[in-house]
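Colleague: Provided below: data_33.cif, containing mmCIF, C-alpha atoms and all ligand atoms.
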```cif
data_input
loop_
_atom_site.label_atom_id
_atom_site.label_comp_id
_atom_site.auth_asym_id
_atom_site.auth_seq_id
_atom_site.Cartn_x
_atom_site.Cartn_y
_atom_site.Cartn_z
CA MET A 111 234.83 50.65 85.79
CA SER A 112 232.42 49.72 88.54
CA LYS A 113 230.26 52.32 90.25
CA ASP A 114 232.02 51.51 93.52
CA LEU A 115 235.21 53.03 92.24
CA PHE A 116 233.49 56.38 91.74
CA PHE A 117 231.52 56.42 94.99
CA MET A 118 234.51 55.74 97.15
CA ARG A 119 233.02 56.93 100.42
CA ASP A 120 229.83 56.13 102.26
CA PRO A 121 227.61 59.14 102.90
CA TRP A 122 228.34 60.85 106.20
CA VAL A 123 225.79 60.16 108.91
CA TYR A 124 225.67 62.88 111.54
CA ASN A 125 225.96 61.68 115.12
CA PRO A 126 225.32 64.50 117.60
CA LYS A 127 226.85 62.41 120.39
CA THR A 128 230.28 62.41 118.77
CA GLU A 129 233.03 63.86 120.95
CA PRO A 130 234.59 67.12 119.67
CA PRO A 131 237.69 66.52 117.49
CA GLN A 132 240.92 65.90 119.38
CA ARG A 133 243.88 67.02 117.29
CA SER A 134 247.38 65.90 118.18
CA ASP A 135 248.66 69.48 117.68
CA LYS A 136 246.06 71.02 120.00
CA ASN A 137 248.68 72.04 122.55
CA LEU A 138 250.56 74.22 120.06
CA GLY A 139 249.62 77.90 119.94
CA PHE A 140 247.63 79.33 117.02
CA GLU A 141 250.61 81.35 115.76
CA THR A 142 252.81 78.24 115.74
CA ARG A 143 250.22 76.19 113.88
CA SER A 144 249.76 78.90 111.24
CA LEU A 145 253.48 78.56 110.50
CA HIS A 146 254.06 74.82 110.88
CA ALA A 147 250.87 72.75 110.52
CA GLY A 148 251.04 70.29 107.64
CA PHE A 149 254.71 70.74 106.76
CA HIS A 150 258.01 70.01 108.40
CA PRO A 151 261.04 70.54 106.16
CA LEU A 152 262.76 67.29 107.18
CA MET A 153 260.01 64.93 108.25
CA ASP A 154 257.43 65.32 105.51
CA MET A 155 259.16 65.87 102.20
CA GLU A 156 262.74 64.90 102.96
CA GLN A 157 263.79 64.66 99.35
CA PHE A 158 263.31 68.42 98.94
CA ARG A 159 265.24 69.51 102.06
CA ALA A 160 263.45 72.80 101.61
CA PHE A 161 262.55 75.32 104.28
CA VAL A 162 259.53 76.50 102.28
CA PRO A 163 256.90 73.92 101.24
CA PRO A 164 257.23 72.98 97.56
CA ILE A 165 254.55 73.51 94.91
CA VAL A 166 253.63 70.29 93.12
CA PRO A 167 251.81 71.43 89.98
CA SER A 168 251.09 67.96 88.57
CA MET A 169 247.39 67.36 87.90
CA THR A 170 247.78 63.61 87.55
CA TYR A 171 249.66 60.97 89.54
CA PRO A 172 250.92 57.90 87.69
CA TYR A 173 249.87 54.33 88.43
CA LYS A 174 252.72 52.08 89.53
CA GLN A 175 250.61 49.02 88.80
CA PHE A 176 247.48 48.34 86.76
CA ASP A 177 245.30 47.56 89.77
CA GLU A 178 246.77 49.95 92.33
CA ILE A 179 245.01 53.33 92.34
CA PRO A 180 247.51 56.03 93.36
CA TYR A 181 246.45 58.68 95.87
CA PRO A 182 246.45 61.48 94.92
CA VAL A 183 245.17 60.21 91.61
CA TYR A 184 243.97 63.40 89.90
CA GLY A 185 244.07 67.12 90.67
CA ARG A 186 240.33 67.55 90.93
CA THR A 187 240.25 65.90 94.36
CA LYS A 188 243.74 66.04 95.83
CA THR A 189 247.24 67.37 95.18
CA PRO A 190 250.16 67.41 97.63
CA THR A 191 250.14 71.22 97.87
CA ALA A 192 246.38 71.52 98.43
CA ALA A 193 246.60 68.67 100.94
CA LEU A 194 249.15 70.68 102.89
CA LEU A 195 246.89 73.73 102.92
CA GLU A 196 243.93 71.55 103.95
CA GLU A 197 245.93 70.19 106.88
CA ARG A 198 246.89 73.70 107.97
CA LEU A 199 243.32 75.01 107.77
CA ALA A 200 242.00 71.98 109.69
CA SER A 201 244.63 72.64 112.35
CA LEU A 202 243.81 76.34 112.64
CA GLU A 203 240.08 75.66 113.00
CA GLY A 204 240.71 72.69 115.31
CA GLY A 205 238.78 70.28 113.05
CA GLU A 206 239.54 66.73 111.95
CA ALA A 207 239.87 67.37 108.23
CA CYS A 208 239.49 69.98 105.51
CA LEU A 209 238.48 70.11 101.85
CA THR A 210 239.24 73.13 99.70
CA ALA A 211 237.10 74.42 96.82
CA GLY A 212 237.47 76.91 93.98
CA SER A 213 235.79 79.60 96.12
CA GLY A 214 233.92 80.01 99.40
CA SER A 215 230.64 80.01 97.45
CA GLN A 216 231.60 76.72 95.81
CA ALA A 217 232.48 75.20 99.19
CA LEU A 218 228.99 76.12 100.45
CA PHE A 219 227.37 74.78 97.29
CA ASN A 220 229.29 71.50 97.44
CA LEU A 221 228.35 70.88 101.06
CA ILE A 222 224.63 71.54 100.57
CA PHE A 223 224.55 69.64 97.27
CA ASN A 224 226.21 66.71 98.99
CA ILE A 225 224.09 66.45 102.13
CA ALA A 226 220.60 67.57 101.03
CA ARG A 227 218.09 65.84 98.72
CA PRO A 228 214.82 67.14 97.22
CA GLY A 229 212.37 67.71 100.07
CA ASP A 230 215.10 68.39 102.64
CA ASN A 231 215.70 71.83 104.13
CA ILE A 232 218.46 73.98 105.61
CA VAL A 233 217.90 76.45 108.45
CA THR A 234 219.62 79.84 108.19
CA THR A 235 218.99 83.61 108.35
CA LEU A 236 219.03 86.65 106.09
CA ASN A 237 222.39 87.55 107.68
CA THR A 238 224.52 85.81 105.09
CA PHE A 239 226.75 86.89 102.20
CA GLY A 240 225.03 87.70 98.90
CA GLU A 241 225.82 84.52 96.94
CA GLY A 242 224.82 82.44 99.96
CA TYR A 243 221.44 84.20 99.94
CA LYS A 244 221.09 83.52 96.19
CA GLN A 245 221.91 79.83 96.63
CA ALA A 246 219.34 79.70 99.45
CA THR A 247 216.51 81.52 97.70
CA THR A 248 216.85 80.50 94.06
CA ILE A 249 219.54 77.97 93.12
CA PHE A 250 218.71 75.20 95.60
CA PRO A 251 214.91 75.63 95.91
CA GLU A 252 214.32 76.03 92.17
CA ARG A 253 216.84 73.58 90.78
CA CYS A 254 217.29 70.96 93.50
CA GLY A 255 214.05 71.08 95.53
CA VAL A 256 215.97 71.93 98.71
CA GLN A 257 214.18 74.60 100.77
CA PHE A 258 215.65 77.11 103.21
CA HIS A 259 213.94 78.16 106.42
CA PHE A 260 214.89 81.69 107.46
CA VAL A 261 214.89 82.11 111.22
CA LYS A 262 212.61 84.97 112.29
CA ASP A 263 214.61 86.21 115.27
CA PRO A 264 218.21 84.95 115.04
CA ALA A 265 219.01 86.43 118.47
CA ASP A 266 216.49 84.04 120.09
CA PRO A 267 217.52 80.35 120.34
CA ASN A 268 213.80 79.33 120.38
CA SER A 269 213.40 80.89 116.98
CA TRP A 270 216.11 78.53 115.65
CA ASP A 271 214.36 75.61 117.29
CA GLN A 272 211.06 76.53 115.66
CA ALA A 273 212.67 76.66 112.20
CA ILE A 274 214.05 73.08 112.45
CA ASP A 275 211.89 70.13 111.39
CA ALA A 276 212.30 66.43 110.55
CA GLU A 277 213.65 67.28 107.09
CA THR A 278 216.34 69.73 108.29
CA LYS A 279 219.81 68.57 107.26
CA LEU A 280 221.92 71.52 108.39
CA VAL A 281 221.83 74.71 110.46
CA TRP A 282 223.97 77.44 108.91
CA ILE A 283 225.19 80.55 110.74
CA GLU A 284 227.38 83.37 109.46
CA THR A 285 228.87 85.31 112.37
CA PRO A 286 229.77 88.13 112.42
CA SER A 287 227.74 88.53 109.24
CA ASN A 288 228.69 90.31 106.06
CA PRO A 289 227.88 93.20 105.75
CA THR A 290 226.00 94.15 108.94
CA LEU A 291 228.18 92.37 111.56
CA PHE A 292 225.22 90.61 113.17
CA VAL A 293 226.58 88.26 115.84
CA THR A 294 224.90 84.91 116.44
CA ASP A 295 225.37 82.90 119.63
CA ILE A 296 227.26 79.86 118.32
CA ALA A 297 227.06 77.81 121.54
CA ALA A 298 223.33 78.46 122.00
CA VAL A 299 222.46 77.55 118.40
CA ALA A 300 224.74 74.50 118.57
CA ASP A 301 222.79 73.28 121.61
CA VAL A 302 219.46 73.77 119.83
CA ALA A 303 220.65 72.08 116.61
CA HIS A 304 222.25 69.14 118.43
CA ALA A 305 219.16 68.56 120.57
CA ARG A 306 217.26 68.12 117.29
CA GLY A 307 219.98 65.87 115.80
CA VAL A 308 221.13 68.41 113.21
CA PRO A 309 224.74 69.53 112.55
CA LEU A 310 225.73 73.18 112.82
CA MET A 311 227.89 74.92 110.23
CA VAL A 312 229.48 78.27 111.06
CA ASP A 313 230.83 80.53 108.34
CA ASN A 314 234.03 81.83 109.98
CA THR A 315 235.13 83.97 107.02
CA THR A 316 234.83 87.40 108.62
CA ALA A 317 236.49 86.59 111.97
CA THR A 318 238.83 83.74 110.93
CA ALA A 319 240.16 81.22 113.44
CA ALA A 320 242.61 83.90 114.60
CA LEU A 321 239.70 85.63 116.38
CA GLN A 322 236.96 83.00 116.73
CA LYS A 323 236.96 79.21 117.21
CA PRO A 324 233.50 77.96 116.25
CA MET A 325 234.40 74.30 116.82
CA GLN A 326 235.30 74.98 120.45
CA LEU A 327 231.83 76.50 120.80
CA GLY A 328 230.03 73.46 119.37
CA ALA A 329 230.10 73.90 115.57
CA ASP A 330 230.42 70.66 113.59
CA ILE A 331 231.49 72.25 110.31
CA VAL A 332 233.27 75.50 109.44
CA LEU A 333 232.84 77.23 106.08
CA LEU A 334 235.61 79.55 104.88
CA SER A 335 236.17 81.90 102.01
CA VAL A 336 239.95 81.67 101.63
CA THR A 337 239.68 84.64 99.26
CA LYS A 338 239.19 87.06 102.17
CA PHE A 339 241.40 87.49 105.28
CA LEU A 340 243.04 84.05 105.02
CA ALA A 341 244.79 84.93 101.77
CA GLY A 342 244.48 88.59 102.60
CA ASN A 343 245.34 90.55 99.48
CA ALA A 344 242.99 89.55 96.64
CA THR A 345 245.50 87.38 94.79
CA VAL A 346 243.76 84.06 95.53
CA LEU A 347 240.21 82.79 95.01
CA GLY A 348 239.41 79.81 97.21
CA GLY A 349 237.18 78.25 99.80
CA ALA A 350 237.21 75.47 102.35
CA LEU A 351 235.12 73.24 104.58
CA VAL A 352 236.52 71.98 107.88
CA GLY A 353 234.73 69.16 109.70
CA PRO A 354 234.65 65.47 110.60
CA GLU A 355 236.85 63.42 108.29
CA ALA A 356 233.94 61.19 107.24
CA LEU A 357 231.98 64.24 106.05
CA ILE A 358 234.96 65.86 104.34
CA GLU A 359 235.79 62.69 102.41
CA ASP A 360 232.12 62.20 101.56
CA VAL A 361 232.00 65.68 99.96
CA ARG A 362 235.41 65.17 98.31
CA TRP A 363 234.48 61.87 96.65
CA ASN A 364 230.76 62.18 96.11
CA THR A 365 230.60 65.81 94.94
CA THR A 366 233.97 67.51 94.31
CA GLU A 367 235.09 64.46 92.31
CA PHE A 368 232.27 65.10 89.81
CA VAL A 369 231.95 68.86 89.73
CA GLY A 370 235.60 69.79 90.68
CA ALA A 371 237.72 71.18 91.99
CA ILE A 372 239.86 71.76 95.03
CA MET A 373 242.13 74.83 95.18
CA GLN A 374 244.90 74.88 92.59
CA PRO A 375 248.51 74.17 93.67
CA PHE A 376 249.83 77.69 93.16
CA ASP A 377 246.87 79.28 94.99
CA SER A 378 247.25 76.73 97.80
CA TRP A 379 250.93 77.52 98.06
CA LEU A 380 250.35 81.28 98.10
CA THR A 381 247.76 80.84 100.85
CA LEU A 382 250.24 78.83 102.92
CA GLN A 383 252.63 81.78 102.77
CA TYR A 384 249.92 84.28 103.64
CA LEU A 385 248.62 82.21 106.58
CA GLU A 386 252.01 82.62 108.27
CA THR A 387 251.04 86.22 109.11
CA LEU A 388 247.32 85.69 109.76
CA SER A 389 247.35 86.34 113.50
CA LEU A 390 249.51 89.45 113.12
CA ARG A 391 247.31 90.80 110.35
CA MET A 392 244.06 90.14 112.23
CA GLU A 393 245.46 91.94 115.25
CA ARG A 394 246.29 95.03 113.17
CA HIS A 395 242.99 94.85 111.22
CA SER A 396 241.21 94.82 114.59
CA LEU A 397 243.17 97.77 116.03
CA ASN A 398 242.67 99.87 112.90
CA SER A 399 238.96 99.08 112.55
CA GLN A 400 238.30 99.88 116.22
CA ARG A 401 239.86 103.34 115.81
CA ILE A 402 237.90 103.97 112.63
CA ALA A 403 234.62 102.73 114.09
CA GLU A 404 234.98 105.14 117.03
CA PHE A 405 235.88 107.97 114.65
CA LEU A 406 232.88 107.31 112.39
CA ALA A 407 230.48 106.84 115.30
CA ALA A 408 231.28 110.42 116.37
CA HIS A 409 231.04 111.86 112.83
CA PRO A 410 228.01 114.12 112.18
CA LYS A 411 227.46 112.77 108.62
CA VAL A 412 227.30 109.15 109.80
CA LYS A 413 223.93 107.83 111.00
CA HIS A 414 225.02 104.44 112.27
CA VAL A 415 228.11 102.23 112.54
CA ASN A 416 228.11 98.41 112.59
CA HIS A 417 231.20 97.25 114.45
CA THR A 418 231.39 94.53 117.10
CA GLY A 419 233.77 96.62 119.24
CA LEU A 420 231.39 99.57 119.72
CA SER A 421 229.38 99.88 122.93
CA ASP A 422 226.11 100.27 120.96
CA HIS A 423 226.53 97.01 119.03
CA PRO A 424 223.41 95.01 120.02
CA GLN A 425 225.41 91.81 120.68
CA ARG A 426 228.59 93.43 122.04
CA GLU A 427 228.76 91.21 125.11
CA LEU A 428 228.29 88.08 123.03
CA ALA A 429 230.92 89.26 120.53
CA GLN A 430 233.38 89.77 123.36
CA LYS A 431 232.58 86.31 124.71
CA GLN A 432 233.03 84.37 121.49
CA MET A 433 235.62 86.51 119.67
CA SER A 434 239.04 87.77 120.73
CA GLY A 435 238.90 90.90 118.55
CA PRO A 436 236.56 92.69 116.13
CA GLY A 437 238.53 91.98 112.92
CA GLY A 438 238.68 94.31 109.94
CA LEU A 439 235.15 94.20 108.57
CA MET A 440 232.64 96.91 109.45
CA SER A 441 229.91 98.97 107.80
CA PHE A 442 228.33 102.37 108.29
CA VAL A 443 225.27 104.29 107.12
CA VAL A 444 225.75 107.81 105.80
CA SER A 445 223.06 110.50 105.99
CA GLY A 446 221.36 111.07 102.65
CA GLY A 447 220.92 107.46 101.45
CA MET A 448 222.30 106.01 98.25
CA GLN A 449 223.24 109.34 96.66
CA SER A 450 225.44 110.23 99.60
CA ALA A 451 226.96 106.75 99.74
CA ALA A 452 227.88 107.04 96.05
CA LYS A 453 229.39 110.50 96.58
CA VAL A 454 231.48 109.34 99.54
CA MET A 455 232.70 106.23 97.75
CA ASP A 456 233.62 108.16 94.61
CA SER A 457 235.50 110.68 96.74
CA PHE A 458 237.87 108.26 98.45
CA GLU A 459 241.48 108.74 97.45
CA LEU A 460 243.05 105.87 99.38
CA ILE A 461 240.16 103.49 100.05
CA CYS A 462 239.38 101.49 96.92
CA HIS A 463 235.84 100.71 95.72
CA ALA A 464 235.90 96.99 94.86
CA VAL A 465 234.12 93.70 95.51
CA THR A 466 235.88 91.69 98.19
CA PHE A 467 237.10 92.26 101.74
CA GLY A 468 239.81 91.07 104.07
CA THR A 469 242.61 92.62 102.03
CA SER A 470 245.69 94.35 103.39
CA ARG A 471 244.58 97.49 101.49
CA SER A 472 241.27 99.06 102.56
CA ILE A 473 238.23 98.43 100.37
CA CYS A 474 234.68 99.78 100.34
CA MET A 475 231.54 98.41 98.68
CA HIS A 476 227.81 99.25 98.45
CA PRO A 477 225.87 96.12 99.53
CA ALA A 478 222.38 97.32 98.48
CA THR A 479 223.36 97.57 94.80
CA ILE A 480 226.16 95.02 94.55
CA THR A 481 226.15 91.95 96.80
CA HIS A 482 222.58 92.07 98.18
CA GLU A 483 220.76 93.51 95.17
CA HIS A 484 218.68 90.31 94.77
CA MET A 485 217.02 90.77 98.16
CA THR A 486 213.59 92.38 98.18
CA PRO A 487 213.55 95.86 99.78
CA ALA A 488 211.70 94.32 102.76
CA GLU A 489 214.37 91.65 103.16
CA ARG A 490 217.12 94.28 102.95
CA THR A 491 215.37 96.28 105.66
CA ALA A 492 215.08 93.15 107.84
CA ALA A 493 218.77 92.42 107.27
CA GLY A 494 219.76 96.02 108.11
CA ILE A 495 221.02 96.79 104.60
CA ASP A 496 220.13 100.46 104.26
CA ASP A 497 220.59 102.24 100.90
CA GLY A 498 223.15 104.47 102.62
CA LEU A 499 225.15 101.50 103.99
CA ILE A 500 228.81 101.35 102.98
CA ARG A 501 230.80 98.19 103.77
CA LEU A 502 234.34 99.01 104.79
CA SER A 503 237.11 96.47 104.99
CA VAL A 504 239.71 98.22 107.08
CA GLY A 505 243.21 97.40 105.85
CA LEU A 506 246.68 97.60 107.32
CA GLU A 507 247.47 101.17 106.29
CA ASN A 508 248.43 103.87 108.78
CA VAL A 509 245.12 104.46 110.54
CA GLU A 510 245.53 108.26 110.56
CA ASP A 511 245.76 108.20 106.76
CA LEU A 512 242.54 106.20 106.56
CA MET A 513 240.74 108.62 108.86
CA THR A 514 241.95 111.56 106.76
CA ASP A 515 240.55 109.86 103.67
CA LEU A 516 237.21 109.14 105.34
CA ASN A 517 237.01 112.68 106.67
CA GLN A 518 237.65 114.37 103.33
CA ALA A 519 235.14 112.04 101.55
CA LEU A 520 232.44 112.61 104.18
CA ALA A 521 232.99 116.38 103.86
CA LYS A 522 231.68 116.12 100.27
CA ILE A 523 228.12 115.30 101.39
C1 LIG B 601 230.95 85.49 104.82
C2 LIG B 601 231.26 84.96 103.46
N1 LIG B 601 231.34 83.65 103.26
C3 LIG B 601 231.61 83.13 102.06
C4 LIG B 601 231.83 83.94 100.96
C5 LIG B 601 232.09 83.34 99.62
O1 LIG B 601 233.42 83.43 99.29
P1 LIG B 601 234.01 83.54 97.81
O2 LIG B 601 233.98 84.98 97.42
O3 LIG B 601 235.37 82.98 97.97
O4 LIG B 601 233.13 82.71 96.94
C6 LIG B 601 231.77 85.32 101.12
C7 LIG B 601 231.98 86.21 99.97
O5 LIG B 601 231.76 87.39 100.04
C8 LIG B 601 231.49 85.84 102.39
O6 LIG B 601 231.40 87.17 102.60
#
```
Could you rewrite the structure in this file as structure tokens?

Modeller:
Amino acid sequence: MSKDLFFMRDPWVYNPKTEPPQRSDKNLGFETRSLHAGFHPLMDMEQFRAFVPPIVPSMTYPYKQFDEIPYPVYGRTKTPTAALLEERLASLEGGEACLTAGSGSQALFNLIFNIARPGDNIVTTLNTFGEGYKQATTIFPERCGVQFHFVKDPADPNSWDQAIDAETKLVWIETPSNPTLFVTDIAAVADVAHARGVPLMVDNTTATAALQKPMQLGADIVLLSVTKFLAGNATVLGGALVGPEALIEDVRWNTTEFVGAIMQPFDSWLTLQYLETLSLRMERHSLNSQRIAEFLAAHPKVKHVNHTGLSDHPQRELAQKQMSGPGGLMSFVVSGGMQSAAKVMDSFELICHAVTFGTSRSICMHPATITHEHMTPAERTAAGIDDGLIRLSVGLENVEDLMTDLNQALAKI
């Protein structure tokens, strides 16, 4: 087989002058698109006549003729069910196309692996999720020769400009960040990146498109962990990239094809069901977390609360400008450092101590020892990850019950 058959797409070349994507469904509301995008019972898969999209579990797709490659051809790159999910995610983010991956971390890895070569660099900050930090500080620099420039003052657009050079292939923002809810000005960083001819990727995992639309603010690419709020109950592991079709197909055919794989049919199908309630869930996550943030901010055992809806959040105005609600992720620092954090977390009766967030049931986690343990103490301090910091993913429970649980646990320290 010739090499051309493997490398089916030309590498994407970023053109900062490209017009923002114009989707034909842009006039439909977000709630409607989360229910309908990608699938219409009669138009798309008429033979099924099914109200609910079907799962197609086949991992291979037969040739009709010797010289006619079917598409999909193999489950590593495309299946009908994943394609449906990809169309829905692209629609929700307002992007041209989408490519899923086995996890959010894999989606990040695939993108960087695809667009950067030894000697290139990526510009980002310390305000990223733990595995992102590990990819940026060890995996890519040590194994692929791709360096990461960490912006000194992410609140200052000039600082982003100073970190970009001729070898920069991507600017990567996570906003609001996990776990400290740092908010970065998407439009301002997009302007800086575009003026230097570099694409901007925004990790929209914590807010989701229900609360924040990075592409409307100038982002070229959106990174998603489907595992979190999108699926919403820790029954799916998945990730996605949304962006220009030429980029998405470049990553699909020049990276995913070789290191596999997209999200599996059953996980894709589950996510389609869960997305139907995304806007409702994000609304309730936001209401519950706001109540809890206010409650914790007034609690004598709590030193500090990170929540974009509180008046003392350093980027509150910006958060209100670029988000339509705070979402369910927050964090707080208890008095007494790590020992107190451990005591509080062990004392919860309702809130579960586990590694993930965005679930319908509330979850807590200790970033300094679990997700951000590879940072140096100085880096943790710079990123605001105190030893007493507890990350709280506020679920959909009755908010009074959650406050009772927090109150009784905090009373133990
Ligand atoms: C903001 C953010 N992006 C991406 C990821 C990676 O997602 P996954 O757990 O699906 O690999 C995470 C995981 O914690 C995250 O917090």

Colleague: Find the distance between CA of Gln383 in chain A and CA of Gln430 in chain A and write it in Å to one decimal.

Modeller: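 Result for CA of Gln383 in chain A versus CA of Gln430 in chain A: 29.3 Å, one decimal.
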
Colleague: What's the separation between CA of Ile331 in chain A and CA of Thr238 in chain A, in Å to one decimal place?

Modeller: 16.1 Å

Colleague: List every residue of chain A that has an atom at most 8 Å from any atom of ligand LIG 601 (chain B), giving for each one its closest atom pair and the distance in Å to one decimal, counting all atoms listed in the file, sorted by chain and then by ascending residue number, as a Markdown table.

Modeller:
```
| residue | atom | partner | partner_atom | distance |
| --- | --- | --- | --- | --- |
| A:Gly212 | CA | B:LIG601 | O3 | 7.6 |
| A:Ser213 | CA | B:LIG601 | O3 | 3.9 |
| A:Gly214 | CA | B:LIG601 | O1 | 3.5 |
| A:Ser215 | CA | B:LIG601 | O4 | 3.7 |
| A:Gln216 | CA | B:LIG601 | O4 | 6.3 |
| A:Ala217 | CA | B:LIG601 | O4 | 7.9 |
| A:Leu218 | CA | B:LIG601 | C3 | 7.7 |
| A:Thr238 | CA | B:LIG601 | C1 | 6.4 |
| A:Phe239 | CA | B:LIG601 | O6 | 4.7 |
| A:Gly240 | CA | B:LIG601 | O5 | 6.8 |
| A:Glu241 | CA | B:LIG601 | C5 | 6.9 |
| A:Gly242 | CA | B:LIG601 | C3 | 7.1 |
| A:Glu284 | CA | B:LIG601 | C1 | 6.2 |
| A:Thr285 | CA | B:LIG601 | C1 | 7.8 |
| A:Ser287 | CA | B:LIG601 | C1 | 6.3 |
| A:Asn288 | CA | B:LIG601 | O6 | 5.4 |
| A:Pro289 | CA | B:LIG601 | O6 | 7.7 |
| A:Asp313 | CA | B:LIG601 | N1 | 6.0 |
| A:Asn314 | CA | B:LIG601 | C1 | 7.0 |
| A:Thr315 | CA | B:LIG601 | C1 | 5.0 |
| A:Thr316 | CA | B:LIG601 | C1 | 5.8 |
| A:Leu333 | CA | B:LIG601 | N1 | 7.2 |
| A:Leu334 | CA | B:LIG601 | C3 | 6.1 |
| A:Ser335 | CA | B:LIG601 | O1 | 4.2 |
| A:Val336 | CA | B:LIG601 | O3 | 6.0 |
| A:Thr337 | CA | B:LIG601 | O3 | 4.8 |
| A:Lys338 | CA | B:LIG601 | O3 | 7.0 |
| A:Leu347 | CA | B:LIG601 | O3 | 5.7 |
| A:Gly348 | CA | B:LIG601 | O3 | 5.2 |
| A:Gly349 | CA | B:LIG601 | O3 | 5.4 |
| A:Thr466 | CA | B:LIG601 | O5 | 6.2 |
| A:Phe467 | CA | B:LIG601 | O5 | 7.4 |
| A:Thr481 | CA | B:LIG601 | O5 | 7.9 |
```

Colleague: With distances taken over all atoms listed in the file, which of A:Ala451, A:Val261, A:Val509, A:Ala344 is nearest to Val465 in chain A?

Modeller: A:Ala344

Colleague: Measuring between all atoms listed in the file, which one of A:Arg186, A:Arg159, A:Arg119, A:His259 shows the shortest distance to Gly370 in chain A?

Modeller: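 So, comparing all the options, the nearest one is A:Arg186.
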
Colleague: Given the choices A:Phe292, A:Trp379, A:Tyr181, A:Phe219, which gets closest to Met440 in chain A if the distance is worked out from all atoms listed in the file?

Modeller: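 Closest residue, counting all atoms listed in the file: A:Phe292.
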
Colleague: Do you know which residues are at most 7 Å from range 187-203 of chain A counting all atoms listed in the file, after dropping those on the same chain fewer than 2 positions away, and could you put them as a compact mmCIF listing (two decimals) with C-alpha atoms, in the frame of the given file?

Modeller:
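Result file out.txt:
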```
# COMPACT_ATOMS: atom_id res chain seq x y z
CA PHE A 140 247.63 79.33 117.02
CA ARG A 143 250.22 76.19 113.88
CA SER A 144 249.76 78.90 111.24
CA ALA A 147 250.87 72.75 110.52
CA GLY A 148 251.04 70.29 107.64
CA PHE A 149 254.71 70.74 106.76
CA ILE A 165 254.55 73.51 94.91
CA VAL A 166 253.63 70.29 93.12
CA PRO A 182 246.45 61.48 94.92
CA TYR A 184 243.97 63.40 89.90
CA GLY A 185 244.07 67.12 90.67
CA GLY A 205 238.78 70.28 113.05
CA GLU A 206 239.54 66.73 111.95
CA ALA A 207 239.87 67.37 108.23
CA CYS A 208 239.49 69.98 105.51
CA LEU A 209 238.48 70.11 101.85
CA THR A 210 239.24 73.13 99.70
CA ALA A 319 240.16 81.22 113.44
CA LYS A 323 236.96 79.21 117.21
CA MET A 325 234.40 74.30 116.82
CA VAL A 352 236.52 71.98 107.88
CA ARG A 362 235.41 65.17 98.31
CA THR A 366 233.97 67.51 94.31
CA GLU A 367 235.09 64.46 92.31
CA ALA A 371 237.72 71.18 91.99
CA ILE A 372 239.86 71.76 95.03
CA MET A 373 242.13 74.83 95.18
CA GLN A 374 244.90 74.88 92.59
CA PRO A 375 248.51 74.17 93.67
CA SER A 378 247.25 76.73 97.80
CA TRP A 379 250.93 77.52 98.06
CA LEU A 382 250.24 78.83 102.92
```

Colleague: Can you pull out the residues contacting Val302 in chain A? Cut-off 12 Å, using all atoms listed in the file, and skip same-chain residues under 5 positions away; I want them as a PDB file with C-alpha atoms, in the frame of the given file.

Modeller:
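part_36.pdb written:
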```
ATOM      1  CA  PRO A 126     225.320  64.500 117.600  1.00  0.00           C
ATOM      2  CA  VAL A 233     217.900  76.450 108.450  1.00  0.00           C
ATOM      3  CA  ASP A 266     216.490  84.040 120.090  1.00  0.00           C
ATOM      4  CA  PRO A 267     217.520  80.350 120.340  1.00  0.00           C
ATOM      5  CA  ASN A 268     213.800  79.330 120.380  1.00  0.00           C
ATOM      6  CA  SER A 269     213.400  80.890 116.980  1.00  0.00           C
ATOM      7  CA  TRP A 270     216.110  78.530 115.650  1.00  0.00           C
ATOM      8  CA  ASP A 271     214.360  75.610 117.290  1.00  0.00           C
ATOM      9  CA  GLN A 272     211.060  76.530 115.660  1.00  0.00           C
ATOM     10  CA  ALA A 273     212.670  76.660 112.200  1.00  0.00           C
ATOM     11  CA  ILE A 274     214.050  73.080 112.450  1.00  0.00           C
ATOM     12  CA  ASP A 275     211.890  70.130 111.390  1.00  0.00           C
ATOM     13  CA  LEU A 280     221.920  71.520 108.390  1.00  0.00           C
ATOM     14  CA  VAL A 281     221.830  74.710 110.460  1.00  0.00           C
ATOM     15  CA  ASP A 295     225.370  82.900 119.630  1.00  0.00           C
ATOM     16  CA  ILE A 296     227.260  79.860 118.320  1.00  0.00           C
ATOM     17  CA  ALA A 297     227.060  77.810 121.540  1.00  0.00           C
ATOM     18  CA  GLY A 307     219.980  65.870 115.800  1.00  0.00           C
ATOM     19  CA  VAL A 308     221.130  68.410 113.210  1.00  0.00           C
ATOM     20  CA  PRO A 309     224.740  69.530 112.550  1.00  0.00           C
ATOM     21  CA  LEU A 310     225.730  73.180 112.820  1.00  0.00           C
ATOM     22  CA  GLY A 328     230.030  73.460 119.370  1.00  0.00           C
ATOM     23  CA  ALA A 329     230.100  73.900 115.570  1.00  0.00           C
TER      24      ALA A 329
END
```
